[in-house]
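Heads up, the thing below is written out as structure tokens.
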Amino acid sequence: MVASISECAQRHTWAGKLTIELRDLSAEKIAGLGEEIQQRAQAIALETATEIVIRKVEHDPPAVAQPEIQTKIEEAAAQLRLKTIRLPSGAGHDAQMMARLGPMGMIFVPSAGGISHSPREFTSWQDCANGADVLLHTLLLVDRT
């Protein structure tokens, strides 16, 4: 979930803006959670005599990686003697948009301490190079099929 709050310039008024981003591989789970948030927000508004307005700004359907692409990624990594693990990703990566055009898979590289999407995130140059090598070899394998 991504959230941010901004204040109004007037001292007697506090206007907040909260952005919520819901991610999951299941469209049903996203819709259900969105409905729960809407219901809870309306209950809070009634309890506190405030106005809460929820507006859906964007909706991008979840994209599931194709098993045949995942297998090619694993084959490429094996050729390079690199370990793999399959990870689900509900993130809004470019792959989510590319999945509309054709089969999609994602290559993740390790971040120190498992920290991701943070100013403290760090990935070694070697791990970046390994990820690029896996991408190249994956493309070559896909091209041969």
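Each chain in the structure tokens gets a letter, A, B and so on, in the order shown; residues start at 1 in every chain, and ligands are counted from 1 in the order they appear.
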
Produce a table with one row for each residue of range 25-102 of chain A that has an atom at most 7 Å from any atom of range 129-136 of chain A, each row naming the nearest atom pair and its distance in Å at one decimal; use only C-alpha atoms; arrange rows by chain and rising residue number; format as CSV.
residue,atom,partner,partner_atom,distance
A:Ile73,CA,A:Val134,CA,6.8
A:Ala76,CA,A:Val134,CA,5.6
A:Ala77,CA,A:Val134,CA,5.5

* Running DSSP on the backbone, which parts of chain A land in alpha helix (DSSP H), as a VMD selection string? -> chain A and resid 27 to 48 67 to 79 94 to 98 125 to 144

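Remark: for Asp24 in chain A, the closest of the candidate residues A:Ala63, A:Met97, A:Leu141, A:Cys128 is A:Ala63 (distances computed over only C-alpha atoms).
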
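Surrounding range 100-104 of chain A within 12 Å are A:Asp60, A:Pro61, A:Pro62, A:Ala63, A:Val64, A:Ala65, A:Gln66, A:Pro67, A:Glu68, A:Ile69, A:Gln70, A:Thr71, A:Lys72, A:Ile73, A:Ser89, A:His93, A:Asp94, A:Ala95, A:Gln96, A:Thr138, A:Leu139, A:Val142, with only C-alpha atoms counted and residues fewer than 4 positions along the same chain left out.
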